[in-house]
Amino acid sequence: MGVGHAHALYVHGHSPVHALAPQVKLAAIVVFVIAVAITPRQEVWAFGLYAVVALMTVALARVPALFVLSRLAAIVPFILFAVFIPFVGTGERIDFLGVLLSREGLWAAWNIIAKATLGATASIVLIATTEVTDMLRGMLALRVPAVMTSIAGFMVRYLELIISELGRMRMAMSSRGYDPRWLSQARPIATGAGALFVRSYERGERIHSAMLSRGFTGVMPTLVETRATPASWVLALAFPVVCLGMAILALVVS
Amino acid sequence: MHAPDGFLNAGTAVVTVALSAGTLGVAMRQVKQTVTDRMIPLAGMGAAFVFAAQMFNFPVAAGTTGHLLGGALAAILLGPHLGAIVVTIVVVVQAFLFADGGITAIGYNVLNMAVIPAYGGYAAFSLLRRVLPHNKGGMIGATGLAAWLSVLLSAAAFSIEWLFGATAPVPFSQVFAAMVGVHVLIGVGEAVISSLAVTAVLGSRPDLVHAALDSELGSAGEARVAIRTFVIGGLIATLFITAIVSQFASSDPDGLESVAGSEGFLDSGQEHTLAHSLFADYATTGVANVSMSLAIAGIAGTVTTLLVAWGIVLAVKGKPPHTGGP
Amino acid sequence: MTSSSLEVHGLHFHYPDGRQALDGVDLVVGPGQRVALLGPNGAGKTTLALCLNGVYRAEQGKILVGAVELTDETLGSVRRRVGLVFQDPNDQLFMPTVAEDVAFGPANLGLSGAELDQRVASALEGVGASGLGPRVPHHLSGGEKRLAAIATVLAMEPEIVVLDEPGSGLDPAGRRELIATLSSLDVTQIVITHDLPLALELCPRAVIMDRGRVMVDLTTTDLLRSPELLRRHRLEIPYGFVLAD
C-alpha cells in the first residue's frame, strides 16, 4: 500500500476485452472469482482449468505479462504468509523434500496461493481493460446504488487534486529541511493532513453550491447509460459460467 | 490488510458481506436524513481525503512502516455513519479499481477496515469523552485513544473471523496474538496522526469536527438512556458470543461442519472436525489452556461486538447535528 | 437567450461566525447590460454573487430577477435564470466528462435524450469548445476548464450570468479567448474582476463594492480616468497602460 495506488492501472488498448461493456466484464469477473473461491482445494484439476482460462483472458486482452506480474506484487505478503504456514502449521507432519511440514499446512498454503493468484489476476485484467469512469457506469448498470457510484465518481475526480495538494505540502516541508524518519516527527504531516481535510471539506461545500446553482435537488441525473448486446453477455460469461460449473462439480465430487 | 481471495472460507465471506451490507444500509438511511443533498460532494471529498491520507506511509519502528486506516478519524470528523460510508467506498474502490483486496474478500475487508474501525472507534471515543475532561485536551486525548483502539478492534475482528473461517491450521491464539500484537504498534501511528489532524481541524474550523458538536454527547439524561441500551445490548451480545464460541467446545459443531467440509478441511478418511484440529493444535503445541484461548476469543469477540453495536446505536439515537451553515 | 434585468435592494448577509459580509447592497442592472463588479478582497463580491443565485439566503433585502422576487417558492426558477460561474472551475466541473458536466444542469431541469444532447452541443459551441465534450476535467488546461465551466452554466440558458474572476489563472491566449466568448454572449452579465483592462474591454459600466456596500457606480472609462477613486478602493491601472481618448 503506497503511492502506487493513485495511478490508474488502465492499459490502453483495442482488444476484444477492452471493447466489452463494463457491466459485462464485471459480471464475468465476479462469476469467475466466486467459482475459484468455492472450489475445494484438493480438486487441483479445477484450478488447472481456471489458470488456463485466466491466461487465455490475459492473452485476449493483450495485457503485457510483465504488467500483470508487477501488479501481482500486492498479494506477495499473503503469499509469504502462505509459504510460512506449512512450517508453523499444526497437525500431522509429513516429509516433504527432507523437511517435516504440516500436511494440513501444505494444503492450506496451496489453497491460499492458488485462489489469491487467480483472483488477483482476474482483477488485474478487469482493471487493465476498463477505464475508471466506465467501471463506475458498469456498477451502476449492475444495480449498485447510484449514491455509492456518484460518491466514488467524485472521489476519483478529486483524488488527483488532493494528492497534488498533499504533494505540494510535503515538497514545501522538505524544501525547508523536513525529513521524517520517526513517528515523533510526524507532527507536521499530521497537521498538514488536518489542514488538507479542512480544504477538502470546504471544496466539498463549494461543489455543493455549484450543484445547487445548477438545479440539483439531491438525486443525481442519469446521463450516460452503457449498453451491452446480448451477444456480448453470452460471449463474456461463457467461460466464467463453465468455471462455475466446474466448481459445483468439484464440490459435489469432493 | 487488504486480504486476497480465498484467505478466509466461503461461509465467512458470505456472512461478512451480509453484515457489511446491512450496516451500510443503516448508515445510508441515517445519513440521507441529516446530510441530505450535501452527502454526495461531502462524502466524495471525504473519501478522496481518506484515500490520499492512506497512501502515505509513516515509520513505526526500525524498518517497519504503517499507514493510516482512517476509520476512527473519519467517524470523528464526519460522524460515524458518514465516516463508515466514506471508508467503505475507499475499500471497495481499492478492490475493484486497484486490485487491492480480493473481490470475494470484500465482505471481511470492508468489515475490518471500514465498519468496525468507524463505529467501534466512535463508540470508544464517546466512552472516553465521558471519562476525560470536557475540554480541547480531553477531546484530542479521546481521539488518539479511540483511534488506537479502533486499530486493535480491526485486528481482533480479523482474528475472530479467522476462528470461524480459517483456511489454514494456524491456531486462533497465535493469529490473535500476532495480529493484535503488531497492531498495538501500528495503532500508535494511527493515534498520533488522528489526534494531530483533529487538533489542526479544531484550530481552523471547529464546526467541521462532527464529534465536537455537543448534541452528540448529550446531557446526563440522554446518557442514561444510552447506557441502558448499552447494558441490554451487551448482555445479548455476550450470550450470543458465548453460544457461538462454546460450539467449538462441543465435539459436534454442526453449523460450521458443512462449511468446513466444502472447504476440504475435512480430509477424506479422517474424522477431523474443525474443533478437533484446533484442540489438537493446542495439545501438541502446548498452548497453556484450551479454556484460556476460548476466554480470549470470547472476550475479544464480545468487546468488539459491543463497541461496534453501541457505536451504531449511539449514532442512530443521537440527535442529528444542525445542518445549517452557508 | 432572453436577458433579464436584475434588481438588488437593501441586501444584508452575515456569516455564521458573525462576519457581516453584505451591509445593505443596492444595485440595478438593465437587461443585456454588462457590469464590472470591482473592489478589494473581502468586499463581499463573491458573497453577493452567491446570494444572487440563491445559494446564500440573505436575512434582509430583496432580489428581483426580471420581475420575479427571489423567495423559497421561486428559488428553483431563479437558479435556472441566474447562472453563476465560480472562481475555481474545479468546483464546477465535478462529473467524469465535460459533456456530462454541461448536461448536469439541463438534466436537472428535466431535459433528456436528443433535446439534452442538442443543449449540450450548443452550449459548448457557444464558448468555442465543441471538442471538449468527451474530455476528462482534471486533464484540461486552465483556460479549457474555464470555458467548460462557462458552458455548464450556459447550458441552463440563463438570463443573467454572474462570473467570479473569470480571467484569473489564465494565460494571455486563454484570456483573449475568454473575452471573445463573453463579448459574443447576448445576456446580462455581471463580471467580478480585478483585471481593469478586461473590465474596460467587456463592460461599459463599473460598480465598486467595499465593506459590504456599493460605493461607486459609473462608466468604466470614467473610473479609469479617476486615479483618486481607484486608489481609495485599492484598485490600480496596470503599469504603462494608457487610456485612448
# chains A, B, ... in the order shown; residues from 1 in each chain; ligands from 1
>>> residues_around(residues="A:Val132", least_positions_apart="6", cutoff="12 Å", atoms="only C-alpha atoms", output="list in words")
Ala6, His7, Ala8, Leu9, Tyr10, Val11, Pro22, Leu126, Gly138, Met139, Thr149, Ala152, Gly153, Phe154, Met155, Val156 and Arg157 of chain A; Val93, Gln94, Phe96, Leu97 and Phe98 of chain B; Pro96, Thr97 and Val136 of chain C
>>> closest_atom_pairs(of="chain C", to="chain A", cutoff="6 Å", atoms="only C-alpha atoms", output="JSON lines")
{"residue": "C:Arg79", "atom": "CA", "partner": "A:Ser213", "partner_atom": "CA", "distance": 5.6}
{"residue": "C:Asp91", "atom": "CA", "partner": "A:Ile207", "partner_atom": "CA", "distance": 4.8}
{"residue": "C:Gln92", "atom": "CA", "partner": "A:Ala210", "partner_atom": "CA", "distance": 5.6}
{"residue": "C:Gly105", "atom": "CA", "partner": "A:Arg214", "partner_atom": "CA", "distance": 4.7}
{"residue": "C:Asn108", "atom": "CA", "partner": "A:Gly215", "partner_atom": "CA", "distance": 5.6}
>>> select_by_dssp(residues="stretch 14-250 of chain A", states="strand (DSSP E)", output="count of residues only")
8
>>> interface_residues(of="chain B", to="chain A", cutoff="7 Å", atoms="only C-alpha atoms", output="ChimeraX atom specification")
/B:4-7,10,36-38,40-45,47-49,52,55-60,89,96-100,102,104,167-170,189,193,196-198,200-201,262-264,281
>>> residues_around(residues="B:Leu77", least_positions_apart="2", cutoff="8 Å", atoms="only C-alpha atoms", output="list in words")
Leu73, Ala74, Ala75, Gly79, Gly83, Val198, Leu208, Val209, His210 and Ala211 of chain B
>>> residues_around(residues="C:Leu224", least_positions_apart="4", cutoff="9 Å", atoms="only C-alpha atoms", output="list in words")
Leu196, Leu200, Thr219, Thr220, Leu229, Leu230, Glu236, Ile237 and Leu243 of chain C
>>> decode(residues="stretch 4-24 of chain B", atoms="N, CA and C atoms", output="PDB file, in the first residue's frame")
ATOM      1  N   PRO B   4      -6.637 -11.101   0.253  1.00  0.00           N
ATOM      2  CA  PRO B   4      -6.949 -11.555  -1.099  1.00  0.00           C
ATOM      3  C   PRO B   4      -8.034 -12.632  -1.089  1.00  0.00           C
ATOM      4  N   ASP B   5      -8.445 -13.066  -2.294  1.00  0.00           N
ATOM      5  CA  ASP B   5      -9.450 -14.128  -2.385  1.00  0.00           C
ATOM      6  C   ASP B   5      -8.947 -15.394  -1.706  1.00  0.00           C
ATOM      7  N   GLY B   6      -9.874 -16.113  -1.100  1.00  0.00           N
ATOM      8  CA  GLY B   6      -9.539 -17.421  -0.563  1.00  0.00           C
ATOM      9  C   GLY B   6      -8.822 -17.415   0.768  1.00  0.00           C
ATOM     10  N   PHE B   7      -8.616 -16.236   1.324  1.00  0.00           N
ATOM     11  CA  PHE B   7      -7.888 -16.186   2.584  1.00  0.00           C
ATOM     12  C   PHE B   7      -8.722 -16.727   3.732  1.00  0.00           C
ATOM     13  N   LEU B   8     -10.000 -16.396   3.694  1.00  0.00           N
ATOM     14  CA  LEU B   8     -10.934 -16.984   4.641  1.00  0.00           C
ATOM     15  C   LEU B   8     -11.962 -17.767   3.835  1.00  0.00           C
ATOM     16  N   ASN B   9     -12.664 -18.665   4.488  1.00  0.00           N
ATOM     17  CA  ASN B   9     -13.527 -19.560   3.719  1.00  0.00           C
ATOM     18  C   ASN B   9     -14.789 -18.869   3.211  1.00  0.00           C
ATOM     19  N   ALA B  10     -15.502 -19.610   2.363  1.00  0.00           N
ATOM     20  CA  ALA B  10     -16.651 -19.017   1.672  1.00  0.00           C
ATOM     21  C   ALA B  10     -17.744 -18.579   2.639  1.00  0.00           C
ATOM     22  N   GLY B  11     -17.964 -19.402   3.675  1.00  0.00           N
ATOM     23  CA  GLY B  11     -19.008 -19.049   4.639  1.00  0.00           C
ATOM     24  C   GLY B  11     -18.741 -17.704   5.270  1.00  0.00           C
ATOM     25  N   THR B  12     -17.497 -17.505   5.689  1.00  0.00           N
ATOM     26  CA  THR B  12     -17.130 -16.226   6.295  1.00  0.00           C
ATOM     27  C   THR B  12     -17.303 -15.091   5.291  1.00  0.00           C
ATOM     28  N   ALA B  13     -16.914 -15.356   4.057  1.00  0.00           N
ATOM     29  CA  ALA B  13     -17.043 -14.327   3.025  1.00  0.00           C
ATOM     30  C   ALA B  13     -18.492 -13.880   2.891  1.00  0.00           C
ATOM     31  N   VAL B  14     -19.390 -14.851   2.867  1.00  0.00           N
ATOM     32  CA  VAL B  14     -20.808 -14.531   2.685  1.00  0.00           C
ATOM     33  C   VAL B  14     -21.379 -13.801   3.901  1.00  0.00           C
ATOM     34  N   VAL B  15     -21.095 -14.326   5.083  1.00  0.00           N
ATOM     35  CA  VAL B  15     -21.636 -13.716   6.308  1.00  0.00           C
ATOM     36  C   VAL B  15     -21.155 -12.276   6.451  1.00  0.00           C
ATOM     37  N   THR B  16     -19.874 -12.055   6.200  1.00  0.00           N
ATOM     38  CA  THR B  16     -19.350 -10.699   6.374  1.00  0.00           C
ATOM     39  C   THR B  16     -19.909  -9.738   5.331  1.00  0.00           C
ATOM     40  N   VAL B  17     -20.183 -10.253   4.117  1.00  0.00           N
ATOM     41  CA  VAL B  17     -20.838  -9.391   3.124  1.00  0.00           C
ATOM     42  C   VAL B  17     -22.199  -8.953   3.654  1.00  0.00           C
ATOM     43  N   ALA B  18     -22.947  -9.909   4.214  1.00  0.00           N
ATOM     44  CA  ALA B  18     -24.270  -9.575   4.742  1.00  0.00           C
ATOM     45  C   ALA B  18     -24.158  -8.554   5.869  1.00  0.00           C
ATOM     46  N   LEU B  19     -23.220  -8.775   6.787  1.00  0.00           N
ATOM     47  CA  LEU B  19     -23.057  -7.840   7.901  1.00  0.00           C
ATOM     48  C   LEU B  19     -22.689  -6.452   7.405  1.00  0.00           C
ATOM     49  N   SER B  20     -21.739  -6.403   6.491  1.00  0.00           N
ATOM     50  CA  SER B  20     -21.297  -5.102   5.975  1.00  0.00           C
ATOM     51  C   SER B  20     -22.424  -4.394   5.247  1.00  0.00           C
ATOM     52  N   ALA B  21     -23.107  -5.123   4.366  1.00  0.00           N
ATOM     53  CA  ALA B  21     -24.183  -4.508   3.586  1.00  0.00           C
ATOM     54  C   ALA B  21     -25.284  -4.008   4.504  1.00  0.00           C
ATOM     55  N   GLY B  22     -25.618  -4.829   5.511  1.00  0.00           N
ATOM     56  CA  GLY B  22     -26.662  -4.423   6.438  1.00  0.00           C
ATOM     57  C   GLY B  22     -26.298  -3.152   7.172  1.00  0.00           C
ATOM     58  N   THR B  23     -25.087  -3.114   7.707  1.00  0.00           N
ATOM     59  CA  THR B  23     -24.658  -1.920   8.432  1.00  0.00           C
ATOM     60  C   THR B  23     -24.643  -0.707   7.513  1.00  0.00           C
ATOM     61  N   LEU B  24     -24.179  -0.911   6.298  1.00  0.00           N
ATOM     62  CA  LEU B  24     -24.123   0.198   5.349  1.00  0.00           C
ATOM     63  C   LEU B  24     -25.507   0.721   5.022  1.00  0.00           C
TER      64      LEU B  24
END
